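A.B. asks: Got a structure for you, written out below as structure tokens; questions coming shortly.
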Number of protein chains: 2
Amino acid sequence: MSSYSIPAHDLNTFREELKAYFVFNETEWEAFKPHLEMVNLKKKAHFAINGKICDAIGFIVRGAVRYYHLKDGMEITSYFSFENEFVSSYKSFLKQEPSNSYIQALEDTALITITYQNMQLLLKHDLLGHKTERFGRLVAEHYICCYEDRVQSFIIQSPEERYIHMMKTEREILQRVPQHYIATFLGITPVSLSRIRKRTVLNA
Amino acid sequence: MSSYSIPAHDLNTFREELKAYFVFNETEWEAFKPHLEMVNLKKKAHFAINGKICDAIGFIVRGAVRYYHLKDGMEITSYFSFENEFVSSYKSFLKQEPSNSYIQALEDTALITITYQNMQLLLKHDLLGHKTERFGRLVAEHYICCYEDRVQSFIIQSPEERYIHMMKTEREILQRVPQHYIATFLGITPVSLSRIRKRTVLNA
DNA sequence: GTAAAACGTTAACAAAAGATAAGAAAGAAA
DNA sequence: TTTCTTTCTTATCTTTTGTTAACGTTTTAC
């Protein structure tokens, strides 16, 4: 699929969001656009699969995804992403090696994607090369900050504290995502989360 | 301190390690060098302090550091770094905002550092600008991969499994670092780690 | 060299979490 | 609607972990 299949409205949203990292002028944007592709995922379809190389980065236009791992036959959710966020099994993408997690659509999801191959073309592109380096650096640095917060939450908060924090700052996740996914995301069983909820409601 | 105070041997080690990310030619290296500084930390001295901006990235020439957080008056270790590794409260450095963790020398430690201000100079430098962008991107991407592994270990492994994994792959940490630091790093109490060790030794 | 502090292990008890199973409620599909 | 999943809660029992404290050893500081 090439860029003409991406609805203009979605493309504009994407361009607006990118401004947080980098501003393209018209010429640059026209050079950039043809390297993008639209992908639609039905609910429960996968964007990345354990053992397979994740060869694209996606930007969620509509919908939501969860990252998860399989352990002893159990699915353990490790992350959620929603509209206007990037999605990728990033290490797999960067190193072009097999992913060690799954990424699955929680709802019907529309993404604007860029493949590894096209990313390499952009890095070599006369007009865009330097800007692509900078863009890549800023996106990577942004993700480092997210990861730093996430590791910190594991280190200094208990599952119950992480849940209470989610209630305060991420109500959308709690409303859009089945509770048993949230439980494994917090590092506990669904039964345990149910107990925490009972305690928390009684104290509120 | 300026670059002439960095021992030639240490500077060469640094240059060699950087080759994993980027190769400087002689001209570029001469332009790069003056932006580096040598820092020596006595055991238990801090490289970063909670609430203060961490204004440098360090490269450990000799020694080791631990990252830790304070919670309810308790120190919780979140990471260790050793020779030939980078050190920084990275989010604080990138955003120039107060750090939310401490970084402390576990032993007398020698570092080659670059300040935020000098990094900005390098990014604007005619000769080095593009190379610095690329360097920054590659370092950031490297750290993303490390963080991805780290988050994954929290998600899919128990503290005991993480300890067993450390025994197999990171014996150096176990030997150089006091055990109660390792316990909080694993997310458990020192008492609990002692029990795990007893179990593990008996099964080996 | 000696005193003080830091470190690791163990024990006993309390608190929390996991495992399993049963049942109710909400959604999806025929 | 009716049926079949999926999801969430609750109860019981077991296992694990945290807490506190004691003790011996090692390391550090004066």
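Numbering starts fresh at 1 for the residues of each chain in the structure tokens, the chains themselves are lettered A, B, ... in the order given, and ligands are numbered from 1 as they appear.
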For chain B, report every residue with an atom at most 9 Å from chain C (counting only C-alpha atoms (C1' of nucleotides)), formatted as a count of residues only.

C.D. replies: 7

A.B. asks: Pick out each residue of range 12-202 of chain A that DSSP on the backbone tags as helix (DSSP H, G or I); I need them as JSON, numbers by chain.

C.D. replies: {"A": [12, 13, 14, 15, 16, 17, 18, 26, 27, 28, 29, 30, 31, 32, 33, 34, 35, 90, 91, 92, 93, 94, 95, 116, 117, 118, 119, 120, 121, 122, 123, 124, 129, 130, 131, 132, 133, 134, 135, 136, 137, 138, 139, 140, 141, 142, 143, 144, 145, 146, 147, 148, 149, 150, 151, 152, 153, 154, 155, 156, 159, 160, 161, 162, 163, 164, 165, 166, 167, 168, 169, 171, 172, 173, 174, 175, 176, 179, 180, 181, 182, 183, 184, 185, 186, 190, 191, 192, 193, 194, 195, 196, 197, 198, 199, 200, 201, 202]}

A.B. asks: Report as JSON, numbers by chain the set of chain D residues whose atoms approach chain A to within 10 Å, with distances computed over only C-alpha atoms (C1' of nucleotides).

C.D. replies: {"D": [6, 7, 8, 9, 10]}

A.B. asks: Hey, can you spit out that residue selection with N, CA and C atoms (P, O5', C5', C4', C3', O3' and C1' of nucleotides) as a PDB file, in the first residue's frame?

C.D. replies:
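Result file is selection-v1.pdb:
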```pdb
ATOM      1  P    DT D   6     -13.915 -17.269  25.023  1.00  0.00           P
ATOM      2  O5'  DT D   6     -14.075 -15.933  25.860  1.00  0.00           O
ATOM      3  C5'  DT D   6     -14.729 -14.827  25.271  1.00  0.00           C
ATOM      4  C4'  DT D   6     -14.970 -13.754  26.311  1.00  0.00           C
ATOM      5  C3'  DT D   6     -13.781 -13.512  27.260  1.00  0.00           C
ATOM      6  O3'  DT D   6     -13.484 -12.130  27.221  1.00  0.00           O
ATOM      7  C1'  DT D   6     -15.791 -13.763  28.480  1.00  0.00           C
ATOM      8  P    DT D   7     -12.240 -11.514  28.041  1.00  0.00           P
ATOM      9  O5'  DT D   7     -12.920 -11.030  29.394  1.00  0.00           O
ATOM     10  C5'  DT D   7     -14.046 -10.172  29.334  1.00  0.00           C
ATOM     11  C4'  DT D   7     -14.621  -9.984  30.710  1.00  0.00           C
ATOM     12  C3'  DT D   7     -13.578  -9.717  31.806  1.00  0.00           C
ATOM     13  O3'  DT D   7     -13.822  -8.434  32.336  1.00  0.00           O
ATOM     14  C1'  DT D   7     -15.221 -11.272  32.515  1.00  0.00           C
ATOM     15  P    DC D   8     -12.787  -7.794  33.376  1.00  0.00           P
ATOM     16  O5'  DC D   8     -13.461  -8.116  34.785  1.00  0.00           O
ATOM     17  C5'  DC D   8     -14.727  -7.537  35.089  1.00  0.00           C
ATOM     18  C4'  DC D   8     -15.263  -8.194  36.341  1.00  0.00           C
ATOM     19  C3'  DC D   8     -14.361  -8.072  37.571  1.00  0.00           C
ATOM     20  O3'  DC D   8     -14.995  -7.204  38.496  1.00  0.00           O
ATOM     21  C1'  DC D   8     -15.326 -10.251  37.347  1.00  0.00           C
ATOM     22  P    DT D   9     -14.316  -6.893  39.908  1.00  0.00           P
ATOM     23  O5'  DT D   9     -14.969  -7.977  40.873  1.00  0.00           O
ATOM     24  C5'  DT D   9     -16.383  -8.022  40.981  1.00  0.00           C
ATOM     25  C4'  DT D   9     -16.789  -9.210  41.829  1.00  0.00           C
ATOM     26  C3'  DT D   9     -16.163  -9.254  43.227  1.00  0.00           C
ATOM     27  O3'  DT D   9     -17.224  -9.229  44.163  1.00  0.00           O
ATOM     28  C1'  DT D   9     -16.044 -11.370  42.153  1.00  0.00           C
ATOM     29  P    DT D  10     -16.930  -8.870  45.686  1.00  0.00           P
ATOM     30  O5'  DT D  10     -16.831 -10.309  46.367  1.00  0.00           O
ATOM     31  C5'  DT D  10     -17.924 -11.212  46.219  1.00  0.00           C
ATOM     32  C4'  DT D  10     -17.501 -12.606  46.622  1.00  0.00           C
ATOM     33  C3'  DT D  10     -16.690 -12.695  47.918  1.00  0.00           C
ATOM     34  O3'  DT D  10     -17.495 -13.305  48.915  1.00  0.00           O
ATOM     35  C1'  DT D  10     -15.857 -14.146  46.207  1.00  0.00           C
TER      36       DT D  10
END
```

A.B. asks: Using only C-alpha atoms (C1' of nucleotides), which residues sit within 7 Å of range 42-56 of chain A once same-chain residues fewer than 4 positions away are excluded, as a PDB file with N, CA, C and O atoms, in the first residue's frame?

C.D. replies:
```
ATOM      1  N   SER A  88       5.531  -0.267  18.329  1.00  0.00           N
ATOM      2  CA  SER A  88       6.454  -1.187  17.669  1.00  0.00           C
ATOM      3  C   SER A  88       7.103  -2.084  18.697  1.00  0.00           C
ATOM      4  O   SER A  88       7.210  -1.732  19.863  1.00  0.00           O
ATOM      5  N   SER A  89       7.497  -3.262  18.233  1.00  0.00           N
ATOM      6  CA  SER A  89       8.409  -4.050  19.032  1.00  0.00           C
ATOM      7  C   SER A  89       9.776  -3.453  18.693  1.00  0.00           C
ATOM      8  O   SER A  89      10.455  -3.878  17.767  1.00  0.00           O
ATOM      9  N   SER A  92      13.174  -5.231  18.230  1.00  0.00           N
ATOM     10  CA  SER A  92      13.106  -6.082  17.044  1.00  0.00           C
ATOM     11  C   SER A  92      13.215  -5.245  15.782  1.00  0.00           C
ATOM     12  O   SER A  92      13.929  -5.606  14.833  1.00  0.00           O
ATOM     13  N   PHE A  93      12.536  -4.116  15.767  1.00  0.00           N
ATOM     14  CA  PHE A  93      12.581  -3.219  14.614  1.00  0.00           C
ATOM     15  C   PHE A  93      13.997  -2.659  14.408  1.00  0.00           C
ATOM     16  O   PHE A  93      14.547  -2.731  13.307  1.00  0.00           O
ATOM     17  N   GLN A  96      16.386  -5.528  13.717  1.00  0.00           N
ATOM     18  CA  GLN A  96      15.886  -6.482  12.722  1.00  0.00           C
ATOM     19  C   GLN A  96      16.136  -7.910  13.176  1.00  0.00           C
ATOM     20  O   GLN A  96      16.715  -8.744  12.449  1.00  0.00           O
ATOM     21  N   GLU A  97      15.710  -8.167  14.398  1.00  0.00           N
ATOM     22  CA  GLU A  97      15.819  -9.514  14.959  1.00  0.00           C
ATOM     23  C   GLU A  97      14.436  -9.935  15.448  1.00  0.00           C
ATOM     24  O   GLU A  97      13.553  -9.084  15.607  1.00  0.00           O
ATOM     25  N   PRO A  98      14.222 -11.240  15.721  1.00  0.00           N
ATOM     26  CA  PRO A  98      12.880 -11.692  16.110  1.00  0.00           C
ATOM     27  C   PRO A  98      12.364 -10.988  17.359  1.00  0.00           C
ATOM     28  O   PRO A  98      13.111 -10.780  18.316  1.00  0.00           O
ATOM     29  N   SER A  99      11.112 -10.649  17.334  1.00  0.00           N
ATOM     30  CA  SER A  99      10.471 -10.008  18.487  1.00  0.00           C
ATOM     31  C   SER A  99      10.303 -11.015  19.613  1.00  0.00           C
ATOM     32  O   SER A  99      10.130 -12.200  19.368  1.00  0.00           O
ATOM     33  N   ASN A 100      10.368 -10.560  20.856  1.00  0.00           N
ATOM     34  CA  ASN A 100      10.060 -11.472  21.947  1.00  0.00           C
ATOM     35  C   ASN A 100       8.752 -11.111  22.641  1.00  0.00           C
ATOM     36  O   ASN A 100       8.521 -11.444  23.781  1.00  0.00           O
ATOM     37  N   SER A 101       7.904 -10.412  21.905  1.00  0.00           N
ATOM     38  CA  SER A 101       6.568 -10.180  22.437  1.00  0.00           C
ATOM     39  C   SER A 101       5.556 -10.118  21.297  1.00  0.00           C
ATOM     40  O   SER A 101       5.927 -10.084  20.130  1.00  0.00           O
ATOM     41  N   TYR A 102       4.296 -10.124  21.683  1.00  0.00           N
ATOM     42  CA  TYR A 102       3.209  -9.952  20.738  1.00  0.00           C
ATOM     43  C   TYR A 102       2.630  -8.552  20.902  1.00  0.00           C
ATOM     44  O   TYR A 102       2.651  -8.001  21.999  1.00  0.00           O
ATOM     45  N   ILE A 103       2.136  -8.000  19.807  1.00  0.00           N
ATOM     46  CA  ILE A 103       1.345  -6.772  19.893  1.00  0.00           C
ATOM     47  C   ILE A 103       0.023  -7.047  19.194  1.00  0.00           C
ATOM     48  O   ILE A 103       0.004  -7.459  18.030  1.00  0.00           O
ATOM     49  N   GLN A 104      -1.068  -6.860  19.925  1.00  0.00           N
ATOM     50  CA  GLN A 104      -2.388  -7.261  19.444  1.00  0.00           C
ATOM     51  C   GLN A 104      -3.385  -6.111  19.563  1.00  0.00           C
ATOM     52  O   GLN A 104      -3.368  -5.364  20.541  1.00  0.00           O
ATOM     53  N   ALA A 105      -4.255  -5.988  18.562  1.00  0.00           N
ATOM     54  CA  ALA A 105      -5.281  -4.947  18.595  1.00  0.00           C
ATOM     55  C   ALA A 105      -6.347  -5.280  19.637  1.00  0.00           C
ATOM     56  O   ALA A 105      -6.875  -6.392  19.654  1.00  0.00           O
ATOM     57  N   LEU A 106      -6.629  -4.330  20.514  1.00  0.00           N
ATOM     58  CA  LEU A 106      -7.682  -4.509  21.517  1.00  0.00           C
ATOM     59  C   LEU A 106      -9.044  -4.206  20.920  1.00  0.00           C
ATOM     60  O   LEU A 106     -10.070  -4.674  21.400  1.00  0.00           O
ATOM     61  N   GLU A 107      -9.034  -3.373  19.871  1.00  0.00           N
ATOM     62  CA  GLU A 107     -10.251  -3.001  19.144  1.00  0.00           C
ATOM     63  C   GLU A 107      -9.844  -2.965  17.662  1.00  0.00           C
ATOM     64  O   GLU A 107      -8.673  -3.096  17.347  1.00  0.00           O
ATOM     65  N   ASP A 108     -10.804  -2.764  16.761  1.00  0.00           N
ATOM     66  CA  ASP A 108     -10.428  -2.516  15.378  1.00  0.00           C
ATOM     67  C   ASP A 108      -9.533  -1.278  15.372  1.00  0.00           C
ATOM     68  O   ASP A 108      -9.887  -0.247  15.951  1.00  0.00           O
ATOM     69  N   THR A 109      -8.371  -1.393  14.741  1.00  0.00           N
ATOM     70  CA  THR A 109      -7.346  -0.349  14.875  1.00  0.00           C
ATOM     71  C   THR A 109      -6.781   0.059  13.521  1.00  0.00           C
ATOM     72  O   THR A 109      -6.486  -0.789  12.674  1.00  0.00           O
ATOM     73  N   THR A 113       1.936   3.428   9.104  1.00  0.00           N
ATOM     74  CA  THR A 113       3.178   2.715   9.396  1.00  0.00           C
ATOM     75  C   THR A 113       4.312   3.135   8.469  1.00  0.00           C
ATOM     76  O   THR A 113       4.078   3.661   7.378  1.00  0.00           O
ATOM     77  N   ILE A 114       5.520   2.907   8.975  1.00  0.00           N
ATOM     78  CA  ILE A 114       6.705   3.080   8.133  1.00  0.00           C
ATOM     79  C   ILE A 114       7.580   1.849   8.318  1.00  0.00           C
ATOM     80  O   ILE A 114       7.844   1.438   9.454  1.00  0.00           O
ATOM     81  N   THR A 115       7.967   1.230   7.214  1.00  0.00           N
ATOM     82  CA  THR A 115       8.751  -0.002   7.315  1.00  0.00           C
ATOM     83  C   THR A 115      10.222   0.318   7.573  1.00  0.00           C
ATOM     84  O   THR A 115      10.682   1.448   7.367  1.00  0.00           O
ATOM     85  N   TYR A 116      10.952  -0.694   8.036  1.00  0.00           N
ATOM     86  CA  TYR A 116      12.392  -0.536   8.275  1.00  0.00           C
ATOM     87  C   TYR A 116      13.095  -0.123   6.993  1.00  0.00           C
ATOM     88  O   TYR A 116      13.928   0.783   6.989  1.00  0.00           O
TER      89      TYR A 116
END
```

A.B. asks: List as a Markdown table every residue of chain B that is in contact with chain A, defined as an atom at most 6 Å from one of its atoms (using only C-alpha atoms), together with the nearest atom pair and the distance in Å rounded to one decimal, sorted by chain and then rising number.

C.D. replies:
```
| residue | atom | partner | partner_atom | distance |
| --- | --- | --- | --- | --- |
| B:Lys91 | CA | A:Cys145 | CA | 5.2 |
| B:Glu133 | CA | A:Arg134 | CA | 5.7 |
| B:Arg134 | CA | A:Glu133 | CA | 5.7 |
| B:Arg137 | CA | A:Arg137 | CA | 3.9 |
| B:Ala140 | CA | A:Ala140 | CA | 5.6 |
| B:Glu141 | CA | A:Ala140 | CA | 5.8 |
| B:Ile144 | CA | A:Ile144 | CA | 5.8 |
| B:Cys145 | CA | A:Lys91 | CA | 5.2 |
```

A.B. asks: Keeping all heavy atoms, export the residues of the selection given above as a PDB file, in the first residue's frame.

C.D. replies:
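Dumped everything to again_20.pdb:
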```
ATOM      1  N   LYS B  91      16.808  10.944  31.732  1.00  0.00           N
ATOM      2  CA  LYS B  91      15.649  11.814  31.519  1.00  0.00           C
ATOM      3  C   LYS B  91      15.950  13.213  32.048  1.00  0.00           C
ATOM      4  O   LYS B  91      15.644  14.215  31.400  1.00  0.00           O
ATOM      5  CB  LYS B  91      14.424  11.228  32.220  1.00  0.00           C
ATOM      6  CG  LYS B  91      13.149  12.008  32.019  1.00  0.00           C
ATOM      7  CD  LYS B  91      11.992  11.338  32.748  1.00  0.00           C
ATOM      8  CE  LYS B  91      10.731  12.174  32.658  1.00  0.00           C
ATOM      9  NZ  LYS B  91       9.649  11.592  33.492  1.00  0.00           N
ATOM     10  N   GLU B 133      24.250  14.118  15.949  1.00  0.00           N
ATOM     11  CA  GLU B 133      22.853  13.668  15.859  1.00  0.00           C
ATOM     12  C   GLU B 133      22.799  12.148  15.774  1.00  0.00           C
ATOM     13  O   GLU B 133      22.058  11.483  16.484  1.00  0.00           O
ATOM     14  CB  GLU B 133      22.171  14.243  14.596  1.00  0.00           C
ATOM     15  CG  GLU B 133      21.872  15.718  14.634  1.00  0.00           C
ATOM     16  CD  GLU B 133      20.739  16.082  15.577  1.00  0.00           C
ATOM     17  OE1 GLU B 133      20.131  15.183  16.175  1.00  0.00           O
ATOM     18  OE2 GLU B 133      20.493  17.291  15.730  1.00  0.00           O
ATOM     19  N   ARG B 134      23.618  11.629  14.868  1.00  0.00           N
ATOM     20  CA  ARG B 134      23.627  10.191  14.641  1.00  0.00           C
ATOM     21  C   ARG B 134      24.110   9.448  15.892  1.00  0.00           C
ATOM     22  O   ARG B 134      23.530   8.450  16.303  1.00  0.00           O
ATOM     23  CB  ARG B 134      24.546   9.875  13.451  1.00  0.00           C
ATOM     24  CG  ARG B 134      24.869   8.410  13.300  1.00  0.00           C
ATOM     25  CD  ARG B 134      25.201   8.092  11.885  1.00  0.00           C
ATOM     26  NE  ARG B 134      24.060   7.387  11.353  1.00  0.00           N
ATOM     27  CZ  ARG B 134      24.148   6.304  10.572  1.00  0.00           C
ATOM     28  NH1 ARG B 134      25.287   5.906  10.148  1.00  0.00           N
ATOM     29  NH2 ARG B 134      23.082   5.662  10.182  1.00  0.00           N
ATOM     30  N   ARG B 137      21.409   9.456  18.400  1.00  0.00           N
ATOM     31  CA  ARG B 137      20.355   8.509  18.039  1.00  0.00           C
ATOM     32  C   ARG B 137      20.774   7.082  18.389  1.00  0.00           C
ATOM     33  O   ARG B 137      20.015   6.318  18.974  1.00  0.00           O
ATOM     34  CB  ARG B 137      20.035   8.596  16.542  1.00  0.00           C
ATOM     35  CG  ARG B 137      19.033   7.534  16.083  1.00  0.00           C
ATOM     36  CD  ARG B 137      18.558   7.734  14.652  1.00  0.00           C
ATOM     37  NE  ARG B 137      19.569   7.464  13.638  1.00  0.00           N
ATOM     38  CZ  ARG B 137      19.808   6.257  13.120  1.00  0.00           C
ATOM     39  NH1 ARG B 137      19.143   5.209  13.545  1.00  0.00           N
ATOM     40  NH2 ARG B 137      20.731   6.104  12.198  1.00  0.00           N
ATOM     41  N   ALA B 140      20.854   6.480  22.114  1.00  0.00           N
ATOM     42  CA  ALA B 140      19.481   6.420  22.631  1.00  0.00           C
ATOM     43  C   ALA B 140      18.821   5.089  22.249  1.00  0.00           C
ATOM     44  O   ALA B 140      18.162   4.449  23.072  1.00  0.00           O
ATOM     45  CB  ALA B 140      18.657   7.594  22.110  1.00  0.00           C
ATOM     46  N   GLU B 141      19.030   4.666  21.011  1.00  0.00           N
ATOM     47  CA  GLU B 141      18.425   3.412  20.570  1.00  0.00           C
ATOM     48  C   GLU B 141      19.007   2.228  21.332  1.00  0.00           C
ATOM     49  O   GLU B 141      18.297   1.278  21.676  1.00  0.00           O
ATOM     50  CB  GLU B 141      18.607   3.233  19.064  1.00  0.00           C
ATOM     51  CG  GLU B 141      17.708   4.168  18.261  1.00  0.00           C
ATOM     52  CD  GLU B 141      17.906   4.073  16.754  1.00  0.00           C
ATOM     53  OE1 GLU B 141      18.828   3.328  16.321  1.00  0.00           O
ATOM     54  OE2 GLU B 141      17.181   4.731  16.021  1.00  0.00           O
ATOM     55  N   ILE B 144      17.286   2.117  24.607  1.00  0.00           N
ATOM     56  CA  ILE B 144      15.923   1.611  24.493  1.00  0.00           C
ATOM     57  C   ILE B 144      15.923   0.089  24.524  1.00  0.00           C
ATOM     58  O   ILE B 144      15.106  -0.536  25.206  1.00  0.00           O
ATOM     59  CB  ILE B 144      15.257   2.127  23.207  1.00  0.00           C
ATOM     60  CG1 ILE B 144      14.838   3.572  23.410  1.00  0.00           C
ATOM     61  CG2 ILE B 144      14.049   1.267  22.837  1.00  0.00           C
ATOM     62  CD1 ILE B 144      14.231   4.206  22.189  1.00  0.00           C
ATOM     63  N   CYS B 145      16.862  -0.515  23.827  1.00  0.00           N
ATOM     64  CA  CYS B 145      16.934  -1.975  23.826  1.00  0.00           C
ATOM     65  C   CYS B 145      17.212  -2.509  25.229  1.00  0.00           C
ATOM     66  O   CYS B 145      16.608  -3.494  25.661  1.00  0.00           O
ATOM     67  CB  CYS B 145      18.003  -2.453  22.841  1.00  0.00           C
ATOM     68  SG  CYS B 145      17.609  -2.057  21.124  1.00  0.00           S
TER      69      CYS B 145
END
```

A.B. asks: Taking 5 positions as the minimum chain separation for residues in the same chain, which residues sit within 8 Å of Ser81 in chain B when counting only C-alpha atoms (C1' of nucleotides)? Answer as JSON, numbers by chain.

C.D. replies: {"B": [64, 65, 66, 86, 87]}

A.B. asks: To one decimal place, how far is C1' of DT27 in chain D from CA of Glu170 in chain B in Å?

C.D. replies: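 So the two atoms, C1' of DT27 in chain D and CA of Glu170 in chain B, lie 24.2 Å apart.
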